[in-house]
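Raw structure-v8.txt, compact mmCIF, C-alpha atoms:
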```txt
# COMPACT_ATOMS: atom_id res chain seq x y z
CA MET I 1 0.00 0.00 0.00
CA ARG I 2 1.34 3.40 -1.04
CA LEU I 3 0.71 5.25 2.25
CA GLU I 4 1.47 2.50 4.75
CA GLY I 5 2.42 3.95 8.14
CA LYS I 6 1.71 7.59 7.25
CA LEU I 7 -0.37 9.81 9.53
CA ILE I 8 -2.44 12.20 7.41
CA LEU I 9 -4.70 15.06 8.47
CA VAL I 10 -7.59 15.78 6.09
CA THR I 11 -9.83 18.82 6.57
CA GLY I 12 -13.34 18.90 5.18
CA ALA I 13 -13.33 15.12 5.63
CA ALA I 14 -17.04 14.86 6.46
CA SER I 15 -18.17 15.19 2.84
CA GLY I 16 -17.23 15.84 -0.78
CA LEU I 17 -13.62 15.94 -1.90
CA GLY I 18 -12.30 15.75 1.65
CA GLU I 19 -14.26 12.60 2.44
CA ALA I 20 -13.17 10.95 -0.81
CA ALA I 21 -9.53 11.86 -0.13
CA ALA I 22 -9.70 10.58 3.44
CA ARG I 23 -11.24 7.26 2.40
CA MET I 24 -8.75 6.69 -0.41
CA CYS I 25 -5.77 7.55 1.81
CA ALA I 26 -7.06 5.08 4.39
CA ARG I 27 -7.41 2.38 1.72
CA GLU I 28 -3.78 2.99 0.81
CA GLY I 29 -2.69 2.26 4.38
CA ALA I 30 -2.64 5.70 6.02
CA LEU I 31 -3.96 6.50 9.47
CA VAL I 32 -6.30 9.39 8.68
CA VAL I 33 -7.30 12.14 11.09
CA GLY I 34 -10.42 13.90 9.84
CA LEU I 35 -11.11 17.52 10.75
CA ASP I 36 -14.48 19.09 9.99
CA ARG I 37 -17.45 20.81 11.62
CA ALA I 38 -19.19 17.41 11.66
CA PRO I 39 -17.84 13.91 12.38
CA SER I 40 -15.85 12.47 9.47
CA PRO I 41 -16.97 9.00 8.35
CA GLY I 42 -14.23 6.61 7.33
CA CYS I 43 -11.55 8.29 9.44
CA ALA I 44 -9.72 6.40 12.17
CA ASP I 45 -9.65 9.61 14.19
CA SER I 46 -12.43 12.18 13.68
CA ARG I 47 -12.06 15.62 15.25
CA VAL I 48 -14.69 18.36 15.14
CA ALA I 49 -13.48 21.92 14.61
CA ASP I 50 -14.09 25.04 12.53
CA VAL I 51 -10.94 25.52 10.44
CA GLY I 52 -11.40 29.30 10.55
CA ASP I 53 -11.25 29.39 14.35
CA GLU I 54 -7.65 29.46 15.58
CA ASP I 55 -8.32 28.10 19.06
CA GLN I 56 -10.32 25.18 17.70
CA VAL I 57 -7.65 24.35 15.13
CA ARG I 58 -4.86 24.56 17.70
CA ARG I 59 -6.69 22.28 20.13
CA ALA I 60 -7.53 19.77 17.39
CA ILE I 61 -3.93 19.45 16.21
CA GLU I 62 -1.80 20.00 19.31
CA THR I 63 -2.35 16.48 20.69
CA LEU I 64 -1.00 14.81 17.55
CA GLY I 65 2.50 13.53 18.07
CA ARG I 66 3.53 13.80 14.43
CA LEU I 67 2.11 14.30 10.96
CA ASP I 68 3.33 13.06 7.60
CA ALA I 69 0.87 14.96 5.43
CA VAL I 70 -1.95 17.50 5.48
CA VAL I 71 -4.79 17.79 2.96
CA ASN I 72 -6.58 21.13 3.25
CA SER I 73 -9.91 20.39 1.60
CA ALA I 74 -12.38 22.34 3.77
CA GLY I 75 -14.06 25.12 1.80
CA ILE I 76 -17.22 27.01 0.98
CA ALA I 77 -18.41 28.80 -2.16
CA LEU I 78 -20.60 31.74 -3.12
CA ARG I 79 -21.77 32.47 -6.66
CA LYS I 80 -21.94 36.27 -7.00
CA THR I 81 -20.24 39.09 -8.87
CA ALA I 82 -18.09 41.58 -6.98
CA ALA I 83 -20.85 44.19 -7.30
CA ASP I 84 -23.46 41.85 -5.84
CA GLN I 85 -21.31 40.27 -3.14
CA ASP I 86 -21.90 41.56 0.40
CA ALA I 87 -18.89 42.07 2.66
CA SER I 88 -19.98 39.53 5.24
CA GLY I 89 -20.18 36.76 2.64
CA TRP I 90 -16.81 37.78 1.20
CA ASP I 91 -15.26 37.65 4.66
CA GLU I 92 -16.72 34.21 5.41
CA VAL I 93 -15.38 32.71 2.18
CA MET I 94 -11.93 34.11 2.97
CA ARG I 95 -12.18 32.95 6.59
CA VAL I 96 -12.85 29.35 5.69
CA ASN I 97 -10.95 28.91 2.43
CA VAL I 98 -7.81 30.99 3.02
CA ARG I 99 -7.57 31.58 6.78
CA GLY I 100 -8.58 27.95 7.37
CA SER I 101 -5.82 26.58 5.14
CA PHE I 102 -3.31 28.93 6.75
CA LEU I 103 -4.29 28.02 10.32
CA VAL I 104 -4.25 24.27 9.76
CA ALA I 105 -0.85 24.50 8.08
CA LYS I 106 0.48 26.79 10.82
CA TYR I 107 -0.24 24.27 13.57
CA ALA I 108 0.59 21.19 11.49
CA ILE I 109 4.03 22.30 10.29
CA PRO I 110 5.78 21.86 13.67
CA LYS I 111 4.54 18.24 13.67
CA MET I 112 6.17 17.67 10.27
CA LYS I 113 9.54 19.41 10.51
CA GLU I 114 11.51 16.50 11.94
CA ARG I 115 10.50 13.95 9.29
CA GLY I 116 9.44 16.14 6.36
CA GLY I 117 6.19 15.51 4.54
CA SER I 118 3.59 16.89 2.18
CA ILE I 119 0.91 19.58 2.35
CA VAL I 120 -1.82 19.60 -0.29
CA HIS I 121 -4.10 22.64 -0.48
CA MET I 122 -7.33 22.52 -2.46
CA SER I 123 -7.58 25.37 -4.95
CA SER I 124 -9.80 25.26 -8.06
CA VAL I 125 -9.77 25.89 -11.78
CA VAL I 126 -11.39 29.23 -10.92
CA GLY I 127 -8.17 30.11 -9.08
CA ILE I 128 -6.15 29.87 -12.31
CA ALA I 129 -8.75 30.67 -15.01
CA GLY I 130 -11.44 33.29 -15.27
CA VAL I 131 -14.98 32.12 -14.53
CA ARG I 132 -17.91 34.53 -14.15
CA ASN I 133 -20.01 35.19 -11.04
CA ARG I 134 -17.59 33.86 -8.45
CA ALA I 135 -15.71 36.91 -7.17
CA ALA I 136 -15.10 35.81 -3.57
CA TYR I 137 -14.57 32.15 -4.37
CA SER I 138 -12.18 32.87 -7.25
CA ALA I 139 -10.19 35.31 -5.14
CA SER I 140 -9.92 32.80 -2.30
CA LYS I 141 -8.74 30.02 -4.60
CA GLY I 142 -6.24 32.31 -6.32
CA ALA I 143 -4.88 33.15 -2.89
CA ILE I 144 -4.40 29.43 -2.23
CA VAL I 145 -2.22 29.14 -5.35
CA ALA I 146 -0.03 32.02 -4.16
CA LEU I 147 0.11 30.61 -0.62
CA THR I 148 1.19 27.24 -2.01
CA ARG I 149 4.18 28.71 -3.83
CA ASN I 150 5.24 30.80 -0.85
CA MET I 151 5.02 27.88 1.57
CA ALA I 152 6.87 25.58 -0.82
CA LEU I 153 9.86 27.93 -0.76
CA ASP I 154 9.74 28.52 2.98
CA LEU I 155 9.44 24.85 3.89
CA ALA I 156 11.75 23.20 1.36
CA GLN I 157 14.60 23.36 3.89
CA HIS I 158 12.54 21.08 6.15
CA ARG I 159 11.77 18.63 3.32
CA ILE I 160 8.11 19.60 3.48
CA ARG I 161 6.58 19.74 0.00
CA VAL I 162 3.60 22.03 -0.64
CA ASN I 163 1.34 21.72 -3.69
CA CYS I 164 -2.26 22.49 -4.54
CA LEU I 165 -4.86 20.82 -6.69
CA CYS I 166 -7.16 22.77 -8.99
CA PRO I 167 -10.21 20.60 -9.63
CA GLY I 168 -12.56 21.23 -12.50
CA PHE I 169 -16.31 21.09 -11.94
CA THR I 170 -16.79 18.01 -9.78
CA ARG I 171 -19.92 16.35 -8.44
CA THR I 172 -19.94 17.14 -4.72
CA PRO I 173 -22.50 18.54 -2.25
CA LEU I 174 -20.81 21.93 -2.68
CA THR I 175 -21.62 22.03 -6.40
CA LYS I 176 -24.94 20.15 -6.37
CA ALA I 177 -27.02 23.23 -7.27
CA LEU I 178 -25.06 23.64 -10.52
CA PHE I 179 -26.19 20.23 -11.73
CA ASP I 180 -29.93 20.46 -11.00
CA ASP I 181 -30.64 22.29 -14.27
CA PRO I 182 -30.20 19.91 -17.26
CA GLU I 183 -29.35 22.78 -19.62
CA ARG I 184 -26.67 24.13 -17.30
CA LEU I 185 -25.34 20.63 -16.76
CA ALA I 186 -24.94 20.14 -20.51
CA LYS I 187 -23.10 23.46 -20.83
CA LEU I 188 -20.77 22.62 -17.95
CA THR I 189 -20.01 19.21 -19.36
CA ALA I 190 -19.21 20.68 -22.77
CA LEU I 191 -16.56 22.92 -21.17
CA HIS I 192 -14.56 19.81 -20.21
CA PRO I 193 -12.88 18.35 -23.32
CA LEU I 194 -12.88 14.83 -21.85
CA GLY I 195 -16.67 14.93 -22.01
CA ARG I 196 -17.68 14.50 -18.40
CA LEU I 197 -17.67 16.25 -15.05
CA GLY I 198 -15.31 15.18 -12.32
CA LEU I 199 -15.96 12.66 -9.58
CA PRO I 200 -14.54 13.04 -6.05
CA GLU I 201 -12.42 9.96 -6.70
CA ASP I 202 -10.69 11.73 -9.61
CA ILE I 203 -9.38 14.30 -7.16
CA ALA I 204 -8.66 11.76 -4.44
CA HIS I 205 -6.31 9.84 -6.74
CA ALA I 206 -4.27 13.02 -7.22
CA VAL I 207 -4.24 13.62 -3.46
CA VAL I 208 -2.83 10.15 -2.83
CA PHE I 209 -0.08 10.75 -5.37
CA LEU I 210 0.92 14.08 -3.84
CA VAL I 211 1.04 12.81 -0.26
CA SER I 212 2.93 9.67 -1.27
CA ASP I 213 6.67 9.31 -1.75
CA GLU I 214 6.07 8.97 -5.49
CA SER I 215 5.88 12.78 -5.71
CA SER I 216 9.01 13.42 -3.65
CA TRP I 217 10.46 15.85 -6.23
CA ILE I 218 7.32 17.92 -6.76
CA THR I 219 6.69 21.11 -4.80
CA GLY I 220 5.21 24.56 -5.37
CA GLN I 221 2.86 23.37 -8.11
CA ALA I 222 -0.79 24.14 -8.89
CA ILE I 223 -1.98 20.99 -10.63
CA ALA I 224 -5.22 21.06 -12.59
CA VAL I 225 -7.35 17.91 -12.36
CA ASP I 226 -10.07 19.16 -14.62
CA GLY I 227 -10.85 17.02 -17.66
CA GLY I 228 -9.07 19.58 -19.84
CA PHE I 229 -11.12 22.61 -18.65
CA THR I 230 -8.11 24.92 -18.39
CA ALA I 231 -6.52 23.65 -21.61
CA GLY I 232 -9.02 25.69 -23.64
CA HIS I 233 -12.37 25.32 -25.34
CA ALA I 234 -13.16 22.11 -27.14
CA VAL I 235 -15.69 23.76 -29.46
CA ASP I 236 -14.45 24.21 -33.05
CA VAL I 237 -14.92 27.91 -33.90
```
Would you mind writing the structure in this file as structure tokens?
Amino acid sequence: MRLEGKLILVTGAASGLGEAAARMCAREGALVVGLDRAPSPGCADSRVADVGDEDQVRRAIETLGRLDAVVNSAGIALRKTAADQDASGWDEVMRVNVRGSFLVAKYAIPKMKERGGSIVHMSSVVGIAGVRNRAAYSASKGAIVALTRNMALDLAQHRIRVNCLCPGFTRTPLTKALFDDPERLAKLTALHPLGRLGLPEDIAHAVVFLVSDESSWITGQAIAVDGGFTAGHAVDV
């Protein structure tokens, strides 16, 4: 098994991409600690905390003796333009998506410095390509890309690799509303040259690779797992 003996912390592990990543890491032999606002099914150790609350994050992580990897998957989304977005919603997206990733990494890094390891942040295709009506969410995911590169440089001396994944449109509870309209679903699917939307397992496979020793010479990268979404438009014009 590819992750035998590794202790991995996964945030957002109660549902969606985080749950899929946690389950797949466990199947590959890892001991998985799930961190979410609700209990995380499939995790050997489930801890309840709000990733945007520093005291809760500190208490959830401080009792861990060591960590080999962190997967920052907790996140929320709002679908509004900058003109329509209220400040409180903007702040909440930043609090969970950016502050949450920062806080979890901050308290996890001391547990990783002795042995080295891997941190995987969850960005999005909207963090590296323009998509309408997602001002706060796009800004938060772009910030994750920048944070990834900065942390990769700062932590290389400790043999801690830092990368982020940029999923395309994937079927999760977070994106469910996008798929309820058949016409919208057809349009979204057509934007992915491989002809389908993503599944949580598509992203989880990439997570396993990045937290495994197979990716030991990869750091500071924003890797799109998106069915070709960011490669361009498949329509012949």
Selected residue, from I:Leu185, I:Val104, I:Leu165, I:Ile160, that lies nearest to I:His205 when counting all atoms listed in the file:
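Residue with the minimum atom-to-atom distance to I:His205: I:Leu165.
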Surrounding residues of I:Gly5 excluding itself and chain neighbours under 2 positions, 8 Å, all atoms listed in the file, as a list of chain:residue names:
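Listed by chain and then number, they are I:Leu3, I:Leu7, I:Gly29, I:Ala30, I:Leu31.
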Using all atoms listed in the file for the distances, tell me which of I:Glu19, I:Asp226, I:Asp213, I:Glu28 is nearest to I:Ala129.
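Comparing I:Glu19, I:Asp226, I:Asp213, I:Glu28 against I:Ala129, the winner is I:Asp226.
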I'd like the contact shell of stretch 105-112 of chain I - 7 Å cut-off, only C-alpha atoms, skipping same-chain residues fewer than 3 positions apart - returned as a PyMOL selection string.
chain I and resi 58+61+65-68+101-102+115-117
Taking all atoms listed in the file into account, which of I:Ala14, I:Ala44, I:Ala38, I:Val225 comes nearest I:Ser124?
I:Val225
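Between atom CA of I:Ser73 and atom CA of I:Glu201 lies a distance of 13.6 Å.
Taking only C-alpha atoms, the non-local environment of I:Asp84 within 12 Å (same-chain residues fewer than 5 positions away omitted) comprises Leu78, Arg79, Gly89, Trp90, Asn133, Arg134, Ala135 and Ala136 of chain I.
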What does the file look like for those residues with C-alpha atoms, as a short mmCIF file (atom, residue, chain, number, x, y, z; two decimals), keeping the file's coordinate frame?
```
data_model
loop_
_atom_site.label_atom_id
_atom_site.label_comp_id
_atom_site.auth_asym_id
_atom_site.auth_seq_id
_atom_site.Cartn_x
_atom_site.Cartn_y
_atom_site.Cartn_z
CA LEU I 78 -20.60 31.74 -3.12
CA ARG I 79 -21.77 32.47 -6.66
CA GLY I 89 -20.18 36.76 2.64
CA TRP I 90 -16.81 37.78 1.20
CA ASN I 133 -20.01 35.19 -11.04
CA ARG I 134 -17.59 33.86 -8.45
CA ALA I 135 -15.71 36.91 -7.17
CA ALA I 136 -15.10 35.81 -3.57
#
```
Edge lengths and centre, in Å to one decimal, as lines of an AutoDock Vina configuration file: that's what I need for the box along x, y and z that holds all listed atoms of stretch 87-97 of chain I plus 8 Å on each side.
```
center_x = -15.6
center_y = 35.5
center_z = 3.9
size_x = 25.2
size_y = 29.2
size_z = 21.4
```
Do you know which residues are at most 9 Å from I:Val93 counting only C-alpha atoms, after dropping those on the same chain fewer than 2 positions away, and could you put them as a ChimeraX atom specification?
/I:75-78,88-91,95-98,136-137,140
Fewer than 3 positions away in the same chain doesn't count, so skip those; otherwise give me all residues within 12 Å of I:Ala26, counting all atoms listed in the file, as number ranges by chain.
I: 1-10, 13, 19-23, 29-34, 41-45, 204, 207-208
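The two atoms in question, atom CA of I:Phe179 and atom CA of I:Ala139, are spaced 23.0 Å apart.
Put simply, atom CA of I:Gly100 is 7.6 Å away from atom CA of I:Asp53.
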Could you tell me which of I:Thr175, I:Asn163, I:Thr63, I:Thr230 comes closest to I:Ala206 if we count all atoms listed in the file?
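Counting all atoms listed in the file, the residue closest to I:Ala206 is I:Asn163.
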Can you take the partial stretch 1-16 of chain I, add N, CA and C atoms, and return it as a compact mmCIF listing (two decimals), keeping the file's coordinate frame?
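Heads up, here's the output in rebuild_36.txt:
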```
# COMPACT_ATOMS: atom_id res chain seq x y z
N MET I 1 0.85 -1.20 0.00
CA MET I 1 0.00 0.00 0.00
C MET I 1 0.88 1.25 0.00
N ARG I 2 0.48 2.26 -0.75
CA ARG I 2 1.34 3.40 -1.04
C ARG I 2 1.55 4.34 0.15
N LEU I 3 0.63 4.32 1.12
CA LEU I 3 0.71 5.25 2.25
C LEU I 3 0.86 4.52 3.57
N GLU I 4 1.34 3.31 3.54
CA GLU I 4 1.47 2.50 4.75
C GLU I 4 2.29 3.23 5.81
N GLY I 5 1.71 3.36 7.01
CA GLY I 5 2.42 3.95 8.14
C GLY I 5 2.36 5.46 8.21
N LYS I 6 1.76 6.13 7.24
CA LYS I 6 1.71 7.59 7.25
C LYS I 6 0.50 8.08 8.06
N LEU I 7 0.70 9.15 8.79
CA LEU I 7 -0.37 9.81 9.53
C LEU I 7 -0.76 11.07 8.76
N ILE I 8 -2.01 11.13 8.31
CA ILE I 8 -2.44 12.20 7.41
C ILE I 8 -3.65 12.91 7.98
N LEU I 9 -3.58 14.22 8.03
CA LEU I 9 -4.70 15.06 8.47
C LEU I 9 -5.45 15.56 7.25
N VAL I 10 -6.76 15.34 7.21
CA VAL I 10 -7.59 15.78 6.09
C VAL I 10 -8.69 16.69 6.63
N THR I 11 -8.74 17.93 6.18
CA THR I 11 -9.83 18.82 6.57
C THR I 11 -10.98 18.70 5.58
N GLY I 12 -12.18 19.06 6.04
CA GLY I 12 -13.34 18.90 5.18
C GLY I 12 -13.65 17.43 4.92
N ALA I 13 -13.25 16.56 5.85
CA ALA I 13 -13.33 15.12 5.63
C ALA I 13 -14.72 14.54 5.83
N ALA I 14 -15.69 15.36 6.22
CA ALA I 14 -17.04 14.86 6.46
C ALA I 14 -17.84 14.68 5.17
N SER I 15 -17.40 15.29 4.08
CA SER I 15 -18.17 15.19 2.84
C SER I 15 -17.31 15.58 1.65
N GLY I 16 -17.84 15.35 0.46
CA GLY I 16 -17.23 15.84 -0.78
C GLY I 16 -15.82 15.37 -1.03
```
